[in-house]
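Okay, query_16.tsv now, which holds TSV, C-alpha atoms:
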chain	number	residue	atom	x	y	z
A	1	MET	CA	-19.01	1.22	18.20
A	2	LEU	CA	-15.53	2.79	18.13
A	3	GLU	CA	-16.26	4.56	14.84
A	4	LYS	CA	-19.48	6.07	16.21
A	5	ARG	CA	-17.64	7.37	19.29
A	6	VAL	CA	-14.77	8.79	17.21
A	7	ARG	CA	-17.25	10.56	14.89
A	8	GLU	CA	-19.00	12.10	17.91
A	9	LEU	CA	-15.67	13.34	19.26
A	10	LEU	CA	-14.66	14.74	15.88
A	11	ASP	CA	-18.03	16.51	15.55
A	12	ALA	CA	-17.48	18.11	18.96
A	13	ALA	CA	-13.95	19.19	17.99
A	14	PHE	CA	-15.18	20.73	14.73
A	15	GLU	CA	-17.96	22.55	16.61
A	16	GLU	CA	-15.27	24.11	18.77
A	17	ARG	CA	-13.10	24.87	15.71
A	18	PRO	CA	-15.55	25.54	12.82
A	19	ASP	CA	-12.64	26.59	10.57
A	20	LEU	CA	-11.58	22.91	10.42
A	21	PHE	CA	-13.48	20.05	8.78
A	22	LEU	CA	-13.23	16.31	8.23
A	23	ILE	CA	-12.05	14.96	4.88
A	24	ASP	CA	-11.75	11.28	5.73
A	25	LEU	CA	-11.98	8.89	8.67
A	26	ASP	CA	-10.74	5.32	8.42
A	27	ILE	CA	-10.64	2.78	11.23
A	28	THR	CA	-8.98	-0.53	10.39
A	29	SER	CA	-9.69	-3.87	12.03
A	30	GLY	CA	-6.68	-3.36	14.33
A	31	ASN	CA	-8.25	-0.13	15.68
A	32	ILE	CA	-5.85	2.06	13.74
A	33	ILE	CA	-7.71	5.37	13.46
A	34	LYS	CA	-6.67	7.62	10.57
A	35	VAL	CA	-8.21	11.08	10.40
A	36	ILE	CA	-7.61	13.51	7.53
A	37	ILE	CA	-8.63	17.12	8.12
A	38	ASP	CA	-8.58	20.36	6.19
A	39	GLY	CA	-9.41	23.93	7.05
A	40	ASP	CA	-10.74	27.11	5.53
A	41	GLN	CA	-7.19	28.44	5.90
A	42	ASP	CA	-3.97	26.44	5.94
A	43	VAL	CA	-3.86	23.55	8.41
A	44	LYS	CA	-1.04	23.84	10.91
A	45	VAL	CA	0.55	21.18	13.08
A	46	ALA	CA	-1.24	22.74	16.06
A	47	ASP	CA	-4.58	22.08	14.32
A	48	CYS	CA	-3.74	18.38	13.93
A	49	ILE	CA	-2.66	18.25	17.58
A	50	PHE	CA	-5.94	19.88	18.63
A	51	VAL	CA	-8.03	17.28	16.77
A	52	SER	CA	-5.82	14.43	17.98
A	53	ARG	CA	-6.19	15.48	21.62
A	54	ALA	CA	-9.93	16.02	21.23
A	55	VAL	CA	-10.26	12.36	20.26
A	56	GLU	CA	-7.46	10.65	22.17
A	57	HIS	CA	-8.17	12.20	25.57
A	58	GLN	CA	-11.80	11.05	25.45
A	59	LEU	CA	-11.13	7.41	24.56
A	60	ASP	CA	-10.13	4.81	27.16
A	61	ARG	CA	-7.19	2.62	26.10
A	62	GLU	CA	-8.09	0.21	28.91
A	63	GLU	CA	-11.49	-0.35	27.30
A	64	GLU	CA	-10.22	-0.62	23.72
A	65	ASP	CA	-6.62	-0.28	22.51
A	66	PHE	CA	-6.14	1.99	19.49
A	67	SER	CA	-3.64	3.96	17.44
A	68	LEU	CA	-4.53	7.48	16.26
A	69	GLU	CA	-3.08	9.44	13.34
A	70	VAL	CA	-4.35	12.91	12.40
A	71	THR	CA	-3.01	14.49	9.21
A	72	SER	CA	-3.94	17.33	6.91
A	73	ALA	CA	-5.08	16.84	3.34
A	74	GLY	CA	-1.95	16.70	1.19
A	75	VAL	CA	-1.13	19.26	-1.47
A	76	GLY	CA	-1.42	16.84	-4.40
A	77	LYS	CA	-4.43	14.95	-3.06
A	78	PRO	CA	-7.80	15.13	-4.81
A	79	LEU	CA	-10.31	17.65	-3.47
A	80	LYS	CA	-13.33	15.96	-1.88
A	81	HIS	CA	-15.21	18.55	0.12
A	82	HIS	CA	-17.10	21.64	-1.07
A	83	ARG	CA	-15.12	23.80	1.36
A	84	GLN	CA	-11.85	22.65	-0.24
A	85	PHE	CA	-13.05	23.99	-3.59
A	86	VAL	CA	-14.10	27.32	-2.05
A	87	LYS	CA	-10.71	27.60	-0.34
A	88	ASN	CA	-8.93	27.10	-3.68
A	89	ILE	CA	-10.79	29.67	-5.79
A	90	GLY	CA	-8.22	31.44	-7.98
A	91	ARG	CA	-5.89	28.43	-8.13
A	92	LYS	CA	-5.30	26.16	-11.11
A	93	LEU	CA	-7.19	22.83	-11.02
A	94	GLU	CA	-7.06	19.68	-13.09
A	95	VAL	CA	-10.59	18.27	-13.30
A	96	LEU	CA	-11.57	14.83	-14.59
A	97	ASP	CA	-15.27	14.08	-15.01
A	98	ARG	CA	-17.02	10.71	-14.95
A	99	GLU	CA	-16.91	10.53	-18.79
A	100	LYS	CA	-13.10	10.88	-18.64
A	101	VAL	CA	-13.09	14.45	-19.98
A	102	LYS	CA	-10.10	16.25	-18.45
A	103	GLU	CA	-9.47	20.00	-18.41
A	104	THR	CA	-7.05	22.23	-16.54
A	105	GLY	CA	-8.03	25.77	-15.69
A	106	THR	CA	-8.36	28.39	-12.99
A	107	LEU	CA	-11.09	27.73	-10.45
A	108	GLU	CA	-13.29	30.78	-10.84
A	109	ALA	CA	-16.31	29.80	-8.74
A	110	ALA	CA	-17.51	27.12	-6.32
A	111	ASP	CA	-20.98	26.99	-4.81
A	112	GLU	CA	-23.13	24.33	-3.15
A	113	ASN	CA	-23.82	22.57	-6.49
A	114	GLY	CA	-20.56	22.65	-8.41
A	115	ILE	CA	-17.59	24.55	-9.77
A	116	LYS	CA	-16.54	26.62	-12.77
A	117	ILE	CA	-13.04	26.61	-14.25
A	118	VAL	CA	-11.74	28.93	-16.97
A	119	TRP	CA	-8.73	28.73	-19.30
A	120	LYS	CA	-7.39	30.05	-22.60
A	121	VAL	CA	-6.66	27.97	-25.68
A	122	ARG	CA	-5.24	28.69	-29.14
A	123	GLU	CA	-7.58	27.62	-31.95
A	124	PRO	CA	-7.48	28.05	-35.72
A	125	LYS	CA	-9.15	31.24	-36.96
A	126	PRO	CA	-12.66	30.72	-38.32
A	127	VAL	CA	-11.61	32.50	-41.51
A	128	GLY	CA	-8.07	32.73	-42.87
A	129	LYS	CA	-4.80	31.37	-41.62
A	130	GLY	CA	-3.34	31.52	-38.15
A	131	LYS	CA	-4.68	31.01	-34.67
A	132	VAL	CA	-6.64	33.04	-32.19
A	133	THR	CA	-6.76	32.84	-28.38
A	134	VAL	CA	-10.19	31.77	-27.12
A	135	ASP	CA	-11.52	31.91	-23.57
A	136	LYS	CA	-13.08	28.62	-22.43
A	137	GLU	CA	-15.08	27.78	-19.34
A	138	TRP	CA	-16.51	24.61	-17.83
A	139	SER	CA	-19.19	24.46	-15.18
A	140	ILE	CA	-19.58	21.03	-13.61
A	141	GLU	CA	-21.61	19.66	-10.71
A	142	TYR	CA	-19.78	17.94	-7.85
A	143	ASP	CA	-21.44	14.56	-8.49
A	144	LYS	CA	-20.09	14.57	-12.06
A	145	ILE	CA	-16.49	15.16	-10.91
A	146	LYS	CA	-14.46	11.97	-10.72
A	147	GLN	CA	-11.33	13.76	-9.50
A	148	ALA	CA	-10.12	17.33	-9.03
A	149	LYS	CA	-6.60	18.29	-7.96
A	150	VAL	CA	-4.81	21.58	-7.41
A	151	VAL	CA	-2.01	21.93	-9.96
A	152	ILE	CA	1.22	22.98	-8.32
A	153	THR	CA	3.49	25.13	-10.48
A	154	PHE	CA	7.01	26.27	-9.69
A	155	ASN	CA	8.13	29.54	-11.25

Target encoding structure tokens, full file:
Amino acid sequence: MLEKRVRELLDAAFEERPDLFLIDLDITSGNIIKVIIDGDQDVKVADCIFVSRAVEHQLDREEEDFSLEVTSAGVGKPLKHHRQFVKNIGRKLEVLDREKVKETGTLEAADENGIKIVWKVREPKPVGKGKVTVDKEWSIEYDKIKQAKVVITFN
């Protein structure tokens, strides 16, 4: 019952702020409510406060005691939602598929069905000695992705 009410309140909050979206909702047996959000732009502390208040102010602690935690999706956390992929177009991703194939490349496209990453690799020349740089690309559907993370680089 609590989960249904929290989902309704979150839906209302995200209707009011369509730039934000739900990544994960977990309610433990002790009524500890953990909400993870993301946004089409960066998520600010004020965004977490907005979502927290939208839920907390509509629940009655006298009726059911609870603890509420609203956080943003972390930088190194796997991407789960289509909108997270769209937001990260142009960034480097590490993608692992369900067959354990792993590639790292630049996210070039993300649509409703899947993503496309591109990268360069040095391979032996087809004829003669030496190596040549080859452009590679991988298009993969969301349901075939086991995990995808943004690769953080420090220059």

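For the choices A:Ile115, A:Val151, A:Leu68, A:Ala13, the atom-to-atom distance to His82 in chain A is smallest for A:Ile115 when using all atoms listed in the file.
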
Response to the item:
A straight line from CA of Gly90 in chain A to CA of Thr106 in chain A spans 5.9 Å

Worksheet entry | Expected residue set, 6 Å radius at (-11.4, 32.3, -21.5), all atoms listed in the file, as a ChimeraX atom specification | /A:118-120,134-136

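Taking CA of Ala110 in chain A and CA of Lys44 in chain A as endpoints, the distance between them is 24.1 Å.
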
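The space between CA of Ile152 in chain A and CA of Glu94 in chain A spans 10.1 Å.
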
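Closest to Leu59 in chain A among A:Asp40, A:Glu8, A:Glu123, A:Asp24 is A:Glu8, based on all atoms listed in the file.
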
Write out as a tab-separated table (two decimals) with C-alpha atoms, in the coordinates of the input each polymer residue whose atoms come within 8 Å of Lys34 in chain A, counting all atoms listed in the file; drop sequence neighbours fewer than 4 positions from it.
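Resulting contents of part_9.tsv:
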chain	number	residue	atom	x	y	z
A	24	ASP	CA	-11.75	11.28	5.73
A	25	LEU	CA	-11.98	8.89	8.67
A	26	ASP	CA	-10.74	5.32	8.42
A	27	ILE	CA	-10.64	2.78	11.23
A	68	LEU	CA	-4.53	7.48	16.26
A	69	GLU	CA	-3.08	9.44	13.34
A	70	VAL	CA	-4.35	12.91	12.40
A	71	THR	CA	-3.01	14.49	9.21

Practice prompt. Show which residues sit within 7 Å of Ile89 in chain A, as a ChimeraX atom specification. Count all atoms listed in the file, and ignore same-chain residues fewer than 3 positions away.
Written response: /A:85-86,107-109

Expected file contents, prior selection, C-alpha atoms, as a CSV table (one decimal), in the coordinates of the input:
chain,number,residue,atom,x,y,z
A,85,PHE,CA,-13.0,24.0,-3.6
A,86,VAL,CA,-14.1,27.3,-2.0
A,107,LEU,CA,-11.1,27.7,-10.4
A,108,GLU,CA,-13.3,30.8,-10.8
A,109,ALA,CA,-16.3,29.8,-8.7

Padding of 6 Å on every side, edges along x, y and z, all listed atoms of range 123-133 of chain A included: what centre and edge lengths in Å, to one decimal, does that box have, as JSON?
{"center_x": -8.0, "center_y": 30.3, "center_z": -35.6, "size_x": 21.3, "size_y": 17.4, "size_z": 26.5}
